[in-house]
$ cat my_file25.pdb   # PDB, C-alpha atoms and all ligand atoms
ATOM      1  CA  MET X   1       0.000   0.000   0.000
ATOM      2  CA  ILE X   2       1.078   3.573  -0.651
ATOM      3  CA  ILE X   3       0.346   6.021   2.176
ATOM      4  CA  VAL X   4       0.550   9.699   1.246
ATOM      5  CA  ILE X   5       0.905  12.202   4.075
ATOM      6  CA  SER X   6       0.230  15.699   2.799
ATOM      7  CA  GLY X   7      -0.390  19.054   4.359
ATOM      8  CA  PRO X   8       0.953  22.576   4.255
ATOM      9  CA  GLY X   9       4.491  23.338   5.397
ATOM     10  CA  GLY X  10       4.728  23.741   9.154
ATOM     11  CA  VAL X  11       1.925  21.375  10.157
ATOM     12  CA  GLY X  12       4.397  18.878  11.609
ATOM     13  CA  LYS X  13       4.187  16.114   8.974
ATOM     14  CA  GLY X  14       7.838  15.183   9.377
ATOM     15  CA  THR X  15       7.610  14.830  13.144
ATOM     16  CA  VAL X  16       4.510  12.651  12.922
ATOM     17  CA  VAL X  17       6.016  10.466  10.199
ATOM     18  CA  ASN X  18       9.243   9.966  12.154
ATOM     19  CA  ARG X  19       7.267   8.828  15.195
ATOM     20  CA  LEU X  20       5.242   6.383  13.117
ATOM     21  CA  LEU X  21       8.380   4.901  11.580
ATOM     22  CA  ARG X  22       9.920   4.389  14.980
ATOM     23  CA  PHE X  23       7.289   1.939  16.144
ATOM     24  CA  ASP X  24       6.061   0.418  12.877
ATOM     25  CA  PRO X  25       8.731  -1.530  10.960
ATOM     26  CA  ARG X  26       6.256  -2.236   8.180
ATOM     27  CA  LEU X  27       6.484   1.383   7.078
ATOM     28  CA  TRP X  28       9.080   2.325   4.487
ATOM     29  CA  LEU X  29       9.786   6.031   4.045
ATOM     30  CA  SER X  30      10.540   7.325   0.576
ATOM     31  CA  ARG X  31      13.291   9.885   0.219
ATOM     32  CA  SER X  32      12.496  12.643  -2.273
ATOM     33  CA  TRP X  33      14.791  14.513  -4.586
ATOM     34  CA  THR X  34      14.796  18.290  -4.503
ATOM     35  CA  THR X  35      16.566  21.217  -6.086
ATOM     36  CA  ARG X  36      15.954  23.264  -2.914
ATOM     37  CA  LYS X  37      19.074  24.211  -0.993
ATOM     38  CA  ARG X  38      19.547  22.444   2.321
ATOM     39  CA  ARG X  39      18.398  24.573   5.274
ATOM     40  CA  ALA X  40      20.788  25.312   8.106
ATOM     41  CA  GLY X  41      20.460  22.449  10.570
ATOM     42  CA  GLU X  42      18.575  20.214   8.137
ATOM     43  CA  ALA X  43      19.825  16.607   7.966
ATOM     44  CA  ASP X  44      22.022  15.664   4.990
ATOM     45  CA  ASP X  45      19.679  12.843   4.151
ATOM     46  CA  ALA X  46      16.405  14.793   4.503
ATOM     47  CA  TYR X  47      16.356  14.769   0.702
ATOM     48  CA  VAL X  48      18.613  13.837  -2.137
ATOM     49  CA  PHE X  49      19.775  17.404  -2.830
ATOM     50  CA  VAL X  50      20.523  17.876  -6.530
ATOM     51  CA  ASP X  51      20.898  20.635  -9.089
ATOM     52  CA  ARG X  52      18.183  21.384 -11.636
ATOM     53  CA  ALA X  53      20.037  19.700 -14.511
ATOM     54  CA  SER X  54      20.304  16.397 -12.614
ATOM     55  CA  PHE X  55      16.661  16.573 -11.629
ATOM     56  CA  GLU X  56      15.539  17.290 -15.181
ATOM     57  CA  ARG X  57      17.657  14.434 -16.489
ATOM     58  CA  ARG X  58      15.882  12.066 -14.137
ATOM     59  CA  VAL X  59      12.480  13.431 -15.255
ATOM     60  CA  ALA X  60      13.460  12.800 -18.875
ATOM     61  CA  GLU X  61      14.331   9.202 -17.968
ATOM     62  CA  ASP X  62      10.885   8.771 -16.338
ATOM     63  CA  GLY X  63      12.606   8.260 -13.003
ATOM     64  CA  PHE X  64       9.872   9.671 -10.745
ATOM     65  CA  LEU X  65       6.542   8.320  -9.529
ATOM     66  CA  GLU X  66       5.491  11.982  -9.267
ATOM     67  CA  HIS X  67       7.196  15.343  -9.347
ATOM     68  CA  ILE X  68       6.180  18.972  -8.958
ATOM     69  CA  GLU X  69       7.482  22.507  -8.787
ATOM     70  CA  PHE X  70       6.811  24.235  -5.468
ATOM     71  CA  LEU X  71       7.799  27.865  -4.799
ATOM     72  CA  GLY X  72      10.507  27.735  -7.431
ATOM     73  CA  ASN X  73      12.035  24.391  -6.456
ATOM     74  CA  LEU X  74      11.543  20.941  -7.951
ATOM     75  CA  TYR X  75      10.570  17.978  -5.760
ATOM     76  CA  GLY X  76      10.120  14.370  -6.864
ATOM     77  CA  THR X  77       9.483  10.876  -5.533
ATOM     78  CA  PRO X  78      11.664   8.156  -7.077
ATOM     79  CA  TYR X  79       9.834   4.887  -7.817
ATOM     80  CA  PRO X  80       9.608   3.256  -4.370
ATOM     81  CA  GLU X  81      11.618   0.123  -3.593
ATOM     82  CA  PRO X  82      10.254  -1.207  -0.280
ATOM     83  CA  GLN X  83      10.996  -4.661   1.105
ATOM     84  CA  PRO X  84       8.207  -7.176   0.468
ATOM     85  CA  GLY X  85       5.342  -6.620   2.910
ATOM     86  CA  GLN X  86       6.248  -3.028   3.663
ATOM     87  CA  ASP X  87       3.946  -0.068   3.085
ATOM     88  CA  VAL X  88       5.392   2.973   1.346
ATOM     89  CA  VAL X  89       5.088   6.362   3.088
ATOM     90  CA  LEU X  90       5.323   9.520   0.970
ATOM     91  CA  GLU X  91       5.506  12.890   2.669
ATOM     92  CA  ILE X  92       4.625  15.111  -0.264
ATOM     93  CA  ASP X  93       2.491  18.094  -1.232
ATOM     94  CA  VAL X  94      -1.091  17.833  -2.394
ATOM     95  CA  GLN X  95      -0.321  18.205  -6.122
ATOM     96  CA  GLY X  96       1.949  15.183  -5.801
ATOM     97  CA  ALA X  97      -0.779  13.368  -3.860
ATOM     98  CA  ARG X  98      -3.083  13.868  -6.838
ATOM     99  CA  GLN X  99      -0.524  12.388  -9.230
ATOM    100  CA  VAL X 100      -0.037   9.359  -6.971
ATOM    101  CA  LYS X 101      -3.796   8.834  -6.655
ATOM    102  CA  GLU X 102      -4.146   8.932 -10.445
ATOM    103  CA  ARG X 103      -1.531   6.218 -10.783
ATOM    104  CA  ASP X 104      -2.694   4.173  -7.815
ATOM    105  CA  PRO X 105      -6.360   4.727  -6.917
ATOM    106  CA  GLU X 106      -5.891   2.486  -3.860
ATOM    107  CA  ALA X 107      -3.356   4.873  -2.302
ATOM    108  CA  LEU X 108      -4.327   6.137   1.158
ATOM    109  CA  LEU X 109      -4.277   9.948   1.348
ATOM    110  CA  ILE X 110      -3.984  11.635   4.733
ATOM    111  CA  PHE X 111      -4.025  15.434   4.930
ATOM    112  CA  MET X 112      -2.653  17.078   8.053
ATOM    113  CA  GLN X 113      -3.771  20.548   9.099
ATOM    114  CA  ALA X 114      -2.291  22.895  11.659
ATOM    115  CA  PRO X 115      -4.687  23.795  14.492
ATOM    116  CA  SER X 116      -4.552  27.430  13.311
ATOM    117  CA  PRO X 117      -2.678  29.655  10.824
ATOM    118  CA  GLU X 118      -0.849  31.225  13.798
ATOM    119  CA  VAL X 119       0.534  27.881  14.928
ATOM    120  CA  GLN X 120       1.599  27.070  11.359
ATOM    121  CA  ARG X 121       3.304  30.456  11.038
ATOM    122  CA  ASP X 122       5.190  30.013  14.331
ATOM    123  CA  ARG X 123       6.422  26.581  13.333
ATOM    124  CA  LEU X 124       7.664  27.826   9.965
ATOM    125  CA  LEU X 125       9.420  30.837  11.483
ATOM    126  CA  GLY X 126      10.936  28.525  14.110
ATOM    127  CA  ARG X 127      12.718  26.466  11.483
ATOM    128  CA  GLY X 128      14.248  29.552   9.927
ATOM    129  CA  ASP X 129      12.134  30.295   6.850
ATOM    130  CA  SER X 130      11.999  34.005   5.928
ATOM    131  CA  PRO X 131       8.825  35.941   6.854
ATOM    132  CA  GLU X 132       7.980  36.346   3.127
ATOM    133  CA  LEU X 133       8.239  32.614   2.510
ATOM    134  CA  VAL X 134       6.227  31.929   5.637
ATOM    135  CA  ASP X 135       3.422  34.245   4.444
ATOM    136  CA  GLU X 136       3.429  32.541   1.083
ATOM    137  CA  ARG X 137       3.172  29.101   2.658
ATOM    138  CA  VAL X 138       0.484  30.054   5.169
ATOM    139  CA  GLY X 139      -1.493  31.694   2.350
ATOM    140  CA  ARG X 140      -1.471  28.465   0.349
ATOM    141  CA  ALA X 141      -2.962  26.330   3.126
ATOM    142  CA  PRO X 142      -6.689  26.912   2.360
ATOM    143  CA  GLY X 143      -6.228  26.063  -1.329
ATOM    144  CA  GLU X 144      -4.288  22.929  -0.431
ATOM    145  CA  LEU X 145      -7.046  21.896   1.972
ATOM    146  CA  ALA X 146      -9.650  22.335  -0.772
ATOM    147  CA  GLN X 147      -7.607  20.192  -3.168
ATOM    148  CA  ALA X 148      -7.184  17.500  -0.531
ATOM    149  CA  GLU X 149     -10.927  17.465   0.134
ATOM    150  CA  ALA X 150     -11.561  17.068  -3.583
ATOM    151  CA  LEU X 151      -9.236  14.054  -3.582
ATOM    152  CA  GLY X 152     -11.140  12.461  -0.692
ATOM    153  CA  ALA X 153      -8.199  12.628   1.708
ATOM    154  CA  THR X 154      -8.692  11.669   5.341
ATOM    155  CA  MET X 155      -8.292  14.810   7.467
ATOM    156  CA  VAL X 156      -6.226  15.034  10.647
ATOM    157  CA  VAL X 157      -5.679  18.188  12.717
ATOM    158  CA  ASN X 158      -2.278  18.163  14.401
ATOM    159  CA  ASP X 159      -3.076  19.883  17.685
ATOM    160  CA  ASP X 160      -1.461  17.331  19.979
ATOM    161  CA  LEU X 161       1.458  15.242  18.714
ATOM    162  CA  ASP X 162       0.701  12.028  20.625
ATOM    163  CA  SER X 163      -2.936  11.938  19.618
ATOM    164  CA  THR X 164      -2.142  12.845  16.002
ATOM    165  CA  VAL X 165       0.364   9.984  15.788
ATOM    166  CA  ALA X 166      -2.212   7.620  17.292
ATOM    167  CA  ASP X 167      -4.904   8.836  14.863
ATOM    168  CA  VAL X 168      -2.698   8.386  11.821
ATOM    169  CA  ALA X 169      -1.581   4.942  13.013
ATOM    170  CA  SER X 170      -5.193   3.829  13.382
ATOM    171  CA  ILE X 171      -6.157   5.227   9.958
ATOM    172  CA  ILE X 172      -3.317   3.160   8.465
ATOM    173  CA  ASP X 173      -4.261   0.032  10.437
ATOM    174  CA  ALA X 174      -7.889   0.298   9.359
ATOM    175  CA  GLU X 175      -6.760   0.376   5.751
ATOM    176  CA  ARG X 176      -4.603  -2.725   6.251
ATOM    177  CA  VAL X 177      -7.487  -4.900   7.443
ATOM    178  CA  PRO X 178      -7.960  -7.415   4.642
ATOM    179  CA  ASP X 179     -11.252  -7.147   2.762
ATOM    180  CA  GLU X 180     -13.691  -9.849   3.776
ATOM    181  CA  GLY X 181     -15.928 -11.750   1.367
TER     182      GLY X 181
HETATM  183  P1  LIG U 201      10.136  21.722   2.089
HETATM  184  O1  LIG U 201      10.856  22.606   1.137
HETATM  185  O2  LIG U 201       9.471  22.478   3.194
HETATM  186  O3  LIG U 201      10.985  20.586   2.582
HETATM  187  O4  LIG U 201       8.959  21.039   1.273
HETATM  188  C1  LIG U 201       8.022  21.824   0.599
HETATM  189  C2  LIG U 201       6.800  20.985   0.265
HETATM  190  O5  LIG U 201       7.136  20.003  -0.698
HETATM  191  C3  LIG U 201       6.248  20.224   1.468
HETATM  192  O6  LIG U 201       4.824  20.282   1.405
HETATM  193  C4  LIG U 201       6.726  18.816   1.234
HETATM  194  O7  LIG U 201       5.870  17.845   1.810
HETATM  195  C5  LIG U 201       6.663  18.740  -0.272
HETATM  196  N1  LIG U 201       7.488  17.685  -0.837
HETATM  197  C6  LIG U 201       8.651  17.175  -0.374
HETATM  198  N2  LIG U 201       9.098  16.208  -1.181
HETATM  199  C7  LIG U 201       8.182  16.083  -2.188
HETATM  200  C8  LIG U 201       8.058  15.239  -3.327
HETATM  201  O8  LIG U 201       8.885  14.381  -3.618
HETATM  202  N3  LIG U 201       6.978  15.425  -4.106
HETATM  203  C9  LIG U 201       6.027  16.354  -3.837
HETATM  204  N4  LIG U 201       4.986  16.417  -4.651
HETATM  205  N5  LIG U 201       6.104  17.170  -2.781
HETATM  206  C10 LIG U 201       7.167  17.035  -1.960
END
$ encode --input "my_file25.pdb" --output "structure tokens"
Amino acid sequence: MIIVISGPGGVGKGTVVNRLLRFDPRLWLSRSWTTRKRRAGEADDAYVFVDRASFERRVAEDGFLEHIEFLGNLYGTPYPEPQPGQDVVLEIDVQGARQVKERDPEALLIFMQAPSPEVQRDRLLGRGDSPELVDERVGRAPGELAQAEALGATMVVNDDLDSTVADVASIIDAERVPDEG
């Protein structure tokens, strides 16, 4: 199964996903490619950081399950290579979620929202994004929510980390229950 976790920047997707991975060995996290520069303090392996020419070469070779341009940078998901029995987790934006759903209608889409625009803004500023970029990202959230609703995504509001992790884990488990009959 492919599990797509989407949501605007600053809702805490990464934190939730890392918690899920820690206690569920059946989850396999995809690592995206990006042309964005690494942020100060960001892990080396948060993405495969590449230049635009390398990214475009991979697009030309049909090397991505999905790819998008977001605020001037390219992001893409390589074709996943999980171990047998593992579920693939993609932490990607909602345009990418749409592409994945078109390719795999069975994919599970989960859309995370911040409890409020103020909380989202604080989280983005806290990781060092510029105020202009933060405004741009906060301003995109309602449109992203509307797109996610149109795709039939399951909605989760990240107001408390522990309960959000538990909610997402139970959404995933419910989807794993084999169909009967
Ligand atoms: P950031 O620059 O903050 O790391 O990511 C910007 C946005 O791009 C976030 O919403 C993030 O989830 C999304 N993103 C990261 N990797 C991918 C990807 O491979 N594909 C798509 N479609 N979105 C991605």
$ closest_residue --input "my_file25.pdb" --among "X:Ala53, X:Val94, X:Ala107, X:Leu21" --to "Ala146 (chain X)" --atoms "only C-alpha atoms"
X:Val94
$ resolve_selection --input "my_file25.pdb" --expression "the PyMOL selection byres (((not hetatm)) within 8 of (chain U and resi 201))" --output "count of residues only"
31
$ residues_around --input "my_file25.pdb" --residues "Thr154 (chain X)" --least-positions-apart "4" --cutoff "12 Å" --atoms "only C-alpha atoms" --output "list in words"
Ile3, Val4, Ile5, Ser6, Gly7, Ala107, Leu108, Leu109, Ile110, Phe111, Met112, Gln113, Leu145, Ala148, Glu149, Ala150, Asp167, Val168, Ser170, Ile171, Ile172 and Glu175 of chain X
$ resolve_selection --input "my_file25.pdb" --expression "the PyMOL selection byres (((chain X and resi 18) around 12) and not hetatm)" --output "PyMOL selection string"
chain X and resi 5+12-17+19-25+27-30+46+89-91+161+165+169
$ residues_around --input "my_file25.pdb" --residues "Ala114 (chain X)" --least-positions-apart "5" --cutoff "6 Å" --atoms "all atoms listed in the file" --output "list in words"
Val11, Gln120, Val157 and Asn158 of chain X
$ atom_distance --input "my_file25.pdb" --atom1 "CA of Ile2 (chain X)" --atom2 "CA of Asp87 (chain X)"
6.0 Å
$ atom_distance --input "my_file25.pdb" --atom1 "CA of Arg26 (chain X)" --atom2 "CA of Asp62 (chain X)"
27.3 Å
$ atom_distance --input "my_file25.pdb" --atom1 "CA of Glu42 (chain X)" --atom2 "CA of Gly72 (chain X)"
19.1 Å
$ closest_residue --input "my_file25.pdb" --among "X:Arg98, X:Arg52, X:Arg38, X:Arg58" --to "Gln147 (chain X)" --atoms "all atoms listed in the file"
X:Arg98
$ resolve_selection --input "my_file25.pdb" --expression "the PyMOL selection byres (((chain X and resi 117) around 10) and not hetatm)" --output "ChimeraX atom specification"
/X:10-11,113-116,118-123,135,138-139,141-142
$ axis_aligned_box --input "my_file25.pdb" --around "region 34-40 of chain X" --padding-each-side "3 Å" --output "AutoDock Vina command-line options"
--center_x 17.8 --center_y 21.8 --center_z 1.0 --size_x 12.0 --size_y 13.0 --size_z 20.2
